[in-house]
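Student: If it helps, the file is called coords.cif and holds mmCIF, C-alpha atoms:
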```
data_input
loop_
_atom_site.label_atom_id
_atom_site.label_comp_id
_atom_site.auth_asym_id
_atom_site.auth_seq_id
_atom_site.Cartn_x
_atom_site.Cartn_y
_atom_site.Cartn_z
CA MET A 11 0.00 0.00 0.00
CA ARG A 12 1.36 3.42 -0.86
CA VAL A 13 1.26 5.76 2.07
CA ARG A 14 3.04 8.81 0.74
CA ILE A 15 2.17 11.33 -1.88
CA TYR A 16 4.96 12.67 -3.99
CA GLN A 17 5.67 16.36 -3.94
CA HIS A 18 5.45 17.83 -7.39
CA ARG A 19 6.00 21.21 -8.86
CA ALA A 20 5.77 22.39 -12.40
CA ILE A 21 8.98 22.11 -14.32
CA ALA A 22 11.12 25.19 -14.66
CA PRO A 23 11.32 27.00 -18.01
CA HIS A 24 14.68 25.46 -18.82
CA ASP A 25 13.05 22.04 -18.50
CA THR A 26 11.20 22.64 -21.79
CA PRO A 27 7.72 22.92 -20.32
CA LEU A 28 6.08 23.28 -23.70
CA ARG A 29 7.39 19.99 -24.89
CA THR A 30 6.48 17.72 -22.03
CA PRO A 31 3.63 17.30 -19.58
CA TYR A 32 5.93 15.79 -17.01
CA VAL A 33 6.88 17.44 -13.76
CA ARG A 34 9.98 17.38 -11.67
CA ARG A 35 10.05 15.04 -8.74
CA MET A 36 11.43 16.40 -5.53
CA PRO A 37 13.24 14.57 -2.75
CA THR A 38 10.97 12.79 -0.31
CA THR A 39 11.59 10.45 2.57
CA LYS A 40 11.60 7.67 0.01
CA HIS A 41 15.00 6.51 -1.14
CA LEU A 42 14.52 7.55 -4.74
CA LEU A 43 17.53 7.53 -7.02
CA THR A 44 19.08 10.79 -8.12
CA SER A 45 19.39 11.85 -11.74
CA VAL A 46 23.10 11.09 -11.59
CA GLU A 47 22.35 7.56 -10.41
CA LEU A 48 19.71 7.14 -13.09
CA ALA A 49 22.18 8.33 -15.72
CA ARG A 50 24.68 5.79 -14.41
CA PHE A 51 22.05 3.08 -14.87
CA VAL A 52 21.31 4.26 -18.40
CA ALA A 53 25.01 4.16 -19.27
CA ARG A 54 25.99 0.95 -17.50
CA GLY A 55 22.76 -1.03 -17.49
CA PHE A 56 22.92 -1.87 -13.82
CA LEU A 57 22.94 -0.39 -10.35
CA ARG A 58 24.63 -1.99 -7.34
CA LEU A 59 23.30 -1.61 -3.83
CA ASP A 60 25.97 -3.23 -1.69
CA GLY A 61 24.94 -4.78 1.61
CA VAL A 62 21.62 -2.95 1.84
CA VAL A 63 19.62 -5.94 3.09
CA PRO A 64 19.92 -6.41 6.86
CA PRO A 65 21.60 -9.55 8.26
CA GLU A 66 18.44 -11.01 9.79
CA LEU A 67 16.72 -10.96 6.41
CA ASN A 68 19.77 -12.51 4.74
CA GLU A 69 19.69 -15.37 7.23
CA GLU A 70 16.01 -15.92 6.56
CA ALA A 71 16.70 -15.86 2.83
CA ILE A 72 18.97 -18.89 2.80
CA ALA A 73 16.31 -21.05 4.44
CA THR A 74 13.54 -19.66 2.25
CA LEU A 75 15.42 -19.98 -1.02
CA SER A 76 16.64 -23.49 -0.16
CA THR A 77 13.11 -24.80 0.17
CA GLY A 78 11.93 -23.16 -3.04
CA ILE A 79 9.57 -20.32 -3.76
CA PRO A 80 6.04 -20.44 -5.16
CA ALA A 81 5.57 -19.60 -8.82
CA VAL A 82 3.84 -16.34 -9.67
CA PRO A 83 1.69 -16.10 -12.83
CA TYR A 84 3.20 -13.79 -15.42
CA GLY A 85 1.94 -10.25 -15.08
CA THR A 86 0.69 -10.48 -11.52
CA PRO A 87 0.56 -7.05 -9.86
CA LEU A 88 3.35 -6.90 -7.31
CA ALA A 89 0.92 -6.00 -4.55
CA GLU A 90 -0.93 -9.27 -5.17
CA ALA A 91 1.99 -11.56 -5.90
CA PHE A 92 3.08 -12.57 -2.40
CA PRO A 93 1.44 -13.00 1.00
CA GLN A 94 2.09 -10.02 3.21
CA ASN A 95 5.01 -10.12 5.59
CA THR A 96 6.63 -13.09 3.91
CA PHE A 97 10.24 -12.99 2.84
CA ILE A 98 9.99 -11.54 -0.68
CA PRO A 99 7.77 -8.53 0.13
CA ARG A 100 10.02 -7.80 3.10
CA LEU A 101 13.03 -7.86 0.78
CA LEU A 102 11.33 -5.55 -1.69
CA THR A 103 10.38 -3.04 0.99
CA VAL A 104 13.93 -2.53 2.23
CA PRO A 105 13.98 1.26 1.73
CA ALA A 106 16.98 1.42 -0.59
CA VAL A 107 15.57 -1.40 -2.71
CA ALA A 108 12.04 -0.01 -2.85
CA GLY A 109 13.28 3.47 -3.74
CA ALA A 110 15.55 2.28 -6.50
CA LEU A 111 12.87 0.04 -7.98
CA GLU A 112 10.28 2.79 -7.98
CA SER A 113 12.76 5.17 -9.59
CA LEU A 114 13.30 2.75 -12.45
CA VAL A 115 9.93 1.08 -13.10
CA GLY A 116 7.56 3.32 -11.18
CA PRO A 117 4.84 2.39 -8.75
CA ASP A 118 2.82 -0.80 -8.99
CA PRO A 119 4.86 -2.86 -11.45
CA THR A 120 3.82 -6.36 -12.36
CA VAL A 121 5.92 -9.43 -11.67
CA ASP A 122 7.19 -11.01 -14.86
CA HIS A 123 8.71 -14.05 -13.16
CA HIS A 124 11.06 -14.91 -10.35
CA ALA A 125 13.46 -17.75 -9.62
CA VAL A 126 16.20 -18.97 -7.32
CA HIS A 127 19.51 -19.41 -9.10
CA VAL A 128 22.04 -21.78 -7.57
CA ARG A 129 25.62 -22.36 -8.67
CA GLU A 130 26.52 -25.77 -7.26
CA PRO A 131 29.91 -26.42 -5.60
CA HIS A 132 32.63 -27.15 -8.13
CA GLU A 133 30.12 -26.87 -10.92
CA GLY A 134 32.06 -27.67 -14.06
CA SER A 135 31.14 -24.84 -16.37
CA ALA A 136 29.82 -21.33 -16.53
CA GLN A 137 26.67 -20.21 -18.28
CA ASP A 138 27.09 -18.84 -21.76
CA LEU A 139 27.03 -15.10 -21.92
CA HIS A 140 23.45 -14.09 -22.71
CA ALA A 141 20.68 -11.56 -22.42
CA ASP A 142 17.51 -12.80 -20.75
CA ALA A 143 14.18 -13.52 -22.44
CA ILE A 144 14.21 -12.71 -26.16
CA ILE A 145 15.61 -9.82 -28.13
CA ASP A 146 13.88 -6.71 -26.81
CA VAL A 147 14.31 -3.48 -28.73
CA ARG A 148 11.91 -1.14 -26.97
CA PRO A 149 13.43 2.34 -27.27
CA ASP A 150 11.45 4.02 -24.49
CA ALA A 151 10.71 1.32 -21.91
CA PHE A 152 12.63 -1.37 -20.10
CA ASP A 153 12.13 -4.12 -17.59
CA VAL A 154 14.27 -4.33 -14.49
CA GLN A 155 15.64 -7.50 -12.99
CA LEU A 156 16.55 -7.54 -9.33
CA MET A 157 19.36 -9.88 -8.34
CA TYR A 158 19.79 -10.48 -4.63
CA TYR A 159 22.78 -12.18 -3.00
CA PRO A 160 22.00 -13.23 0.58
CA HIS A 161 25.55 -14.24 1.43
CA GLU A 162 28.99 -12.90 0.66
CA VAL A 163 30.17 -13.75 -2.84
CA THR A 164 33.93 -14.28 -3.06
CA PRO A 165 35.93 -14.34 -6.32
CA ASP A 166 35.80 -18.13 -6.65
CA MET A 167 32.10 -18.56 -5.95
CA GLY A 168 30.77 -17.95 -9.43
CA GLY A 169 29.30 -14.51 -8.87
CA THR A 170 27.39 -13.24 -11.86
CA LEU A 171 29.44 -12.06 -14.80
CA SER A 172 28.03 -8.93 -16.37
CA VAL A 173 29.18 -6.56 -19.06
CA PRO A 174 28.77 -2.86 -18.26
CA GLY A 175 27.22 -0.92 -21.09
CA SER A 176 25.99 -3.97 -23.03
CA HIS A 177 22.25 -3.50 -22.40
CA LEU A 178 21.50 -1.44 -25.50
CA ARG A 179 23.13 -3.93 -27.86
CA HIS A 180 20.47 -6.04 -29.47
CA VAL A 181 21.18 -9.76 -29.18
CA ASN A 182 18.88 -12.71 -28.82
CA GLU A 183 19.58 -14.70 -25.65
CA THR A 184 22.70 -16.93 -25.97
CA ASP A 185 23.58 -15.87 -29.49
CA ILE A 186 26.42 -13.97 -27.84
CA GLY A 187 27.60 -17.14 -26.04
CA ARG A 188 30.71 -17.48 -28.18
CA VAL A 189 32.25 -14.52 -26.35
CA GLN A 190 33.91 -15.57 -23.10
CA ASN A 191 35.60 -12.44 -21.83
CA LEU A 192 35.44 -8.73 -22.47
CA ARG A 193 37.71 -6.00 -21.16
CA GLY A 194 36.09 -4.27 -18.21
CA GLN A 195 33.64 -7.08 -17.50
CA THR A 196 32.38 -7.37 -13.94
CA ARG A 197 32.90 -10.60 -12.08
CA LEU A 198 30.67 -9.93 -9.14
CA THR A 199 32.03 -10.13 -5.65
CA CYS A 200 29.92 -8.55 -2.96
CA PRO A 201 29.05 -8.51 0.72
CA ALA A 202 25.99 -10.34 2.01
CA GLY A 203 22.74 -8.53 1.39
CA THR A 204 23.73 -7.00 -1.92
CA VAL A 205 21.10 -6.18 -4.54
CA VAL A 206 21.91 -5.50 -8.18
CA LEU A 207 19.25 -4.00 -10.43
CA VAL A 208 19.81 -4.63 -14.12
CA HIS A 209 18.28 -3.46 -17.39
CA HIS A 210 16.64 -6.34 -19.26
CA GLY A 211 19.22 -6.20 -22.02
CA ILE A 212 22.38 -6.60 -19.94
CA TRP A 213 24.77 -9.32 -21.10
CA HIS A 214 25.48 -11.62 -18.19
CA GLY A 215 25.95 -15.20 -17.03
CA GLY A 216 26.46 -17.29 -13.92
CA ARG A 217 30.15 -18.09 -13.52
CA ARG A 218 31.72 -21.40 -12.57
CA ASN A 219 31.66 -21.99 -8.81
CA ASP A 220 35.08 -23.29 -7.79
CA THR A 221 34.32 -23.49 -4.07
CA ALA A 222 32.70 -26.16 -1.89
CA ARG A 223 29.80 -23.87 -1.04
CA ARG A 224 26.50 -23.37 -2.89
CA ARG A 225 26.07 -19.90 -4.27
CA TYR A 226 22.53 -18.53 -4.10
CA MET A 227 20.98 -15.70 -6.02
CA TYR A 228 17.33 -14.71 -6.10
CA LYS A 229 16.10 -12.97 -9.24
CA ILE A 230 12.80 -11.27 -9.91
CA ARG A 231 11.83 -9.39 -13.07
CA PHE A 232 9.49 -6.42 -13.06
CA ASN A 233 7.42 -4.98 -15.90
CA PRO A 234 6.55 -1.28 -15.59
CA THR A 235 2.90 -0.26 -15.77
CA VAL A 236 3.47 3.48 -16.13
CA PRO A 237 5.58 5.51 -18.57
CA GLN A 238 9.12 5.49 -17.24
CA VAL A 239 9.42 9.26 -17.30
CA ARG A 240 10.95 11.26 -14.44
CA LEU A 241 10.15 8.63 -11.84
CA TRP A 242 13.22 9.44 -9.77
CA ASP A 243 14.31 12.45 -7.71
CA THR A 244 14.98 14.92 -10.51
CA SER A 245 16.18 17.82 -8.37
CA ASP A 246 19.69 17.30 -9.80
CA LEU A 247 18.55 16.87 -13.41
CA HIS A 248 20.93 19.52 -14.71
CA ASP A 249 23.95 18.44 -12.71
CA PRO A 250 26.92 18.20 -15.12
CA ALA A 251 27.60 14.80 -13.60
CA VAL A 252 24.52 13.51 -15.44
CA THR A 253 26.14 14.18 -18.80
CA ALA A 254 29.43 12.79 -17.54
CA GLU A 255 27.75 9.53 -16.54
CA LEU A 256 25.87 9.24 -19.82
CA GLY A 257 29.07 9.78 -21.76
CA ALA A 258 31.01 7.00 -20.06
CA SER A 259 32.91 4.59 -22.27
CA PHE A 260 33.92 1.04 -21.45
CA PRO A 261 37.12 -0.81 -22.26
CA TRP A 262 35.40 -3.44 -24.42
CA TYR A 263 33.77 -1.00 -26.81
CA GLU A 264 35.07 -0.86 -30.34
CA GLN A 265 36.22 2.63 -31.24
CA ALA A 266 33.46 3.37 -33.74
CA THR A 267 30.59 1.59 -32.03
CA ALA A 268 31.35 3.43 -28.80
CA ARG A 269 30.04 6.55 -30.49
CA LEU A 270 26.80 4.82 -31.38
CA GLU A 271 26.43 3.80 -27.74
CA ILE A 272 26.44 7.46 -26.70
CA HIS A 273 23.95 8.27 -29.46
CA ASN A 274 21.62 5.55 -28.24
CA ARG A 275 21.92 6.57 -24.60
CA VAL A 276 20.99 10.12 -25.54
CA LEU A 277 17.81 8.80 -27.15
CA LEU A 278 16.97 6.77 -24.05
CA TRP A 279 17.66 9.74 -21.77
CA ARG A 280 15.39 11.90 -23.91
CA ALA A 281 12.65 9.29 -23.50
CA LEU A 282 13.15 9.05 -19.73
CA THR A 283 13.19 12.80 -19.17
CA GLY A 284 10.71 13.93 -21.82
CA ASP A 285 13.36 16.38 -23.00
CA ASP A 286 13.81 15.96 -26.73
CA THR A 287 16.57 18.58 -26.86
CA PHE A 288 19.04 16.78 -24.63
CA ASP A 289 22.28 15.81 -26.34
CA ILE A 290 25.92 15.03 -25.69
CA ASP A 291 28.53 16.55 -27.98
CA HIS A 292 25.92 17.07 -30.71
CA TRP A 293 25.83 13.35 -31.58
CA VAL A 294 22.08 13.12 -32.14
CA THR A 295 21.45 16.72 -33.16
CA ARG A 296 24.03 16.58 -35.95
CA VAL A 297 22.59 13.51 -37.68
CA SER A 298 18.96 14.52 -37.29
CA ASN A 299 19.41 18.03 -38.70
CA ARG A 300 17.19 18.25 -41.80
CA PRO A 301 16.77 21.92 -42.76
CA ALA A 302 13.68 22.48 -44.84
CA LEU A 303 14.22 23.70 -48.38
CA ARG A 304 13.60 27.44 -48.61
CA SER A 305 11.97 29.12 -51.52
CA HIS A 306 14.13 31.73 -53.26
CA ALA A 307 11.32 32.87 -55.50
CA MET B 3 46.83 -33.22 -34.23
CA LYS B 4 44.16 -31.39 -32.27
CA GLN B 5 43.11 -27.83 -32.84
CA GLN B 6 43.28 -24.99 -30.36
CA VAL B 7 41.16 -21.99 -31.25
CA LEU B 8 41.60 -18.41 -30.13
CA VAL B 9 38.97 -15.78 -30.94
CA LEU B 10 39.95 -12.15 -30.58
CA TYR B 11 37.60 -9.20 -30.78
CA LEU B 12 39.44 -6.06 -31.79
CA ALA B 13 38.77 -2.36 -31.38
CA SER B 14 38.64 -1.82 -35.14
CA SER B 15 38.81 -3.87 -38.31
CA ALA B 16 42.61 -3.53 -38.31
CA LEU B 17 44.37 -6.69 -37.21
CA ASP B 18 46.91 -4.68 -35.25
CA SER B 19 44.27 -2.83 -33.19
CA PRO B 20 43.79 -3.54 -29.46
CA VAL B 21 42.02 -6.64 -28.18
CA VAL B 22 38.72 -5.84 -26.43
CA GLY B 23 37.38 -9.39 -26.05
CA TRP B 24 38.62 -12.97 -26.28
CA SER B 25 37.62 -16.62 -26.16
CA ARG B 26 39.57 -19.86 -26.22
CA TYR B 27 38.52 -23.38 -27.13
CA ASP B 28 41.00 -26.17 -26.51
CA GLY B 29 40.64 -29.32 -28.59
CA THR B 30 43.50 -30.96 -26.72
CA GLY B 31 41.47 -31.04 -23.52
CA ARG B 32 44.42 -29.77 -21.50
CA THR B 33 42.63 -26.60 -20.47
CA ARG B 34 38.97 -25.76 -19.85
CA PRO B 35 38.44 -22.11 -20.79
CA THR B 36 34.96 -20.83 -19.98
CA THR B 37 32.89 -17.69 -19.74
CA GLY B 38 34.26 -15.04 -17.43
CA ASP B 39 37.48 -16.83 -16.55
CA SER B 40 39.95 -13.98 -17.01
CA ASP B 41 40.07 -10.21 -16.94
CA GLU B 42 43.20 -9.68 -19.03
CA PRO B 43 43.41 -10.65 -22.71
CA PRO B 44 46.08 -13.14 -23.81
CA TYR B 45 47.52 -10.63 -26.30
CA PRO B 46 47.36 -6.85 -26.57
CA THR B 47 46.57 -6.89 -30.31
CA GLY B 48 45.69 -9.34 -33.05
CA LEU B 49 49.14 -8.87 -34.50
CA ALA B 50 50.71 -9.97 -31.23
CA ALA B 51 48.85 -13.29 -31.53
CA LEU B 52 50.35 -13.79 -35.00
CA ALA B 53 53.77 -13.02 -33.62
CA ASP B 54 53.27 -15.78 -31.04
CA GLY B 55 52.53 -18.39 -33.68
CA TRP B 56 48.73 -18.33 -33.94
CA ARG B 57 47.49 -18.74 -37.50
CA LEU B 58 44.62 -16.52 -38.60
CA PHE B 59 41.96 -18.50 -40.46
CA GLN B 60 38.89 -16.25 -40.43
CA ALA B 61 38.14 -12.55 -40.09
CA SER B 62 34.71 -10.97 -39.91
CA GLN B 63 33.55 -9.28 -43.08
CA LEU B 64 33.05 -5.55 -43.33
CA LEU B 65 29.33 -5.26 -43.89
CA PRO B 66 27.54 -1.94 -44.25
CA PRO B 67 24.63 -1.40 -41.87
CA HIS B 68 21.17 -2.29 -43.05
CA PRO B 69 19.30 0.82 -44.21
CA GLY B 70 17.30 2.17 -41.30
CA HIS B 71 19.45 0.38 -38.74
CA GLU B 72 22.60 2.45 -38.96
CA TYR B 73 22.57 3.29 -35.25
CA ASP B 74 21.69 -0.16 -33.96
CA THR B 75 24.35 -1.98 -32.00
CA SER B 76 24.67 -5.70 -31.48
CA PHE B 77 27.52 -8.24 -31.62
CA LEU B 78 31.11 -7.12 -31.60
CA LYS B 79 32.01 -6.41 -35.19
CA HIS B 80 35.69 -7.20 -35.50
CA GLU B 81 36.07 -10.91 -34.82
CA PHE B 82 39.23 -12.82 -35.73
CA PHE B 83 39.67 -16.60 -35.47
CA PHE B 84 43.13 -18.07 -34.92
CA GLU B 85 44.33 -21.63 -34.54
CA LYS B 86 47.26 -23.64 -33.33
CA LEU B 87 47.73 -27.27 -34.15
#
```
Translate the structure described by the file into structure tokens.
Tutor:
Amino acid sequence: MRVRIYQHRAIAPHDTPLRTPYVRRMPTTKHLLTSVELARFVARGFLRLDGVVPPELNEEAIATLSTGIPAVPYGTPLAEAFPQNTFIPRLLTVPAVAGALESLVGPDPTVDHHAVHVREPHEGSAQDLHADAIIDVRPDAFDVQLMYYPHEVTPDMGGTLSVPGSHLRHVNETDIGRVQNLRGQTRLTCPAGTVVLVHHGIWHGGRRNDTARRRYMYKIRFNPTVPQVRLWDTSDLHDPAVTAELGASFPWYEQATARLEIHNRVLLWRALTGDDTFDIDHWVTRVSNRPALRSHA
Amino acid sequence: MKQQVLVLYLASSALDSPVVGWSRYDGTGRTRPTTGDSDEPPYPTGLAALADGWRLFQASQLLPPHPGHEYDTSFLKHEFFFEKL
């Protein structure tokens, strides 16, 4: 149940009020993400929340995840998906988790699916690199997957491999499986109680577990039910750090394609902010400039 | 004679450009390379692999983008297959 009303005010003139009906969201007691954090998500395709889940919930998680979790029909509203005060709703209402989720997918998302992922001790191989579900090319909407690690993940435990900045590259599931390693890839190590929120397109895979301990991860995918426009705390929307985050490059990018990545992030940021004038280094503006022919009669 | 395969993904279509991604498949069974098993590439460039005795047997073609999809991104473009026997 939502108990707070967001504070809104009309956008300022420099926020292009004539072009968008959206308003700026102001800080509240909710743990909404900042614009800089949102920009980081748009550039990298993930957001880490290290150790945000309290120890008592992590301990409960191991027992809960070991015994299995009930299936949820696709598209079930989150508020109806789980009995109140059971483990999963308690996990999702940890303030940092709830605030980040709402900033990305908005209020009242539906549950796509959820699952417990286990990497068995000394499991012989890693998963192929892949993107989940099927190829998904929506330019102005995205699903978010929450990955929760209830115990510490050490380097040998097969923590999830992910590739920063891969989420806007269109691939269909394991078609990318031939690729084993990329410069700048993330081999997750984290403290207990860490949550990672990822864009649906991120390239990732479970790594080989070379320890004698089972490695647990709980994953749940959310579908937004509202336009994903200015859902976060936008009071820092014009912070130069936003542009800096959106312009980040990654060591695995090819020289030429790296420029297309920036172009595509600009388009996504325009969709998320409702500001169709935003640009970085003129990348989008330059190639969309089509002056109308003028009559010289 | 069993084949070892090295796949290098390079920063441009030039064989002497930097390695940005890599995969290995070992037909001898002596090693078990897998996804996410190393953070540093085996060679700094494609040319360095040649200098170490790897034989290039396939390079990705240079294909123009499909009309209307010029800004789409997908697989890494500059893929080079090497072998050792």
Student: Quick one: residues within 10 Å of Thr267 of chain A, only C-alpha atoms counted, chain neighbours fewer than 5 positions away excluded, as a list of chain:residue names?
Tutor: A:Ile272, A:His273, B:Ala13, B:Ser14, B:Tyr73, B:Asp74, B:Thr75, B:Ser76, B:Leu78, B:Lys79
Student: For this structure, which residues satisfy the selection - the PyMOL selection byres ((chain B and resi 35) around 12) - when it is evaluated on the file as given? I want them as a PyMOL selection string.
Tutor: (chain A and resi 134-136+138+188-191+217-218) or (chain B and resi 6-9+24-34+36-40)
Student: Mind listing as an MDAnalysis selection string which residues of chain A are within 9 Å of chain B, counting all atoms listed in the file?
Tutor: chainID A and resid 135:139 171:172 176 178:181 185:197 215:218 261:267 270:271 273:274
Student: Skipping near chain neighbours, those fewer than 5 positions away, what residues fall within 7 Å of segment 68-73 of chain A using all atoms listed in the file, listed as a list in words?
Tutor: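 Contacts, in chain order: Val63, Pro160, His161 and Gly203 of chain A.
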Student: Could you list as number ranges by chain every residue that has an atom within 12 Å of (24.7, 1.6, -13.1), using the file's coordinates and counting all atoms listed in the file?
Tutor: A: 43-59, 110, 114, 172-177, 196, 206-209, 212, 255-256, 258
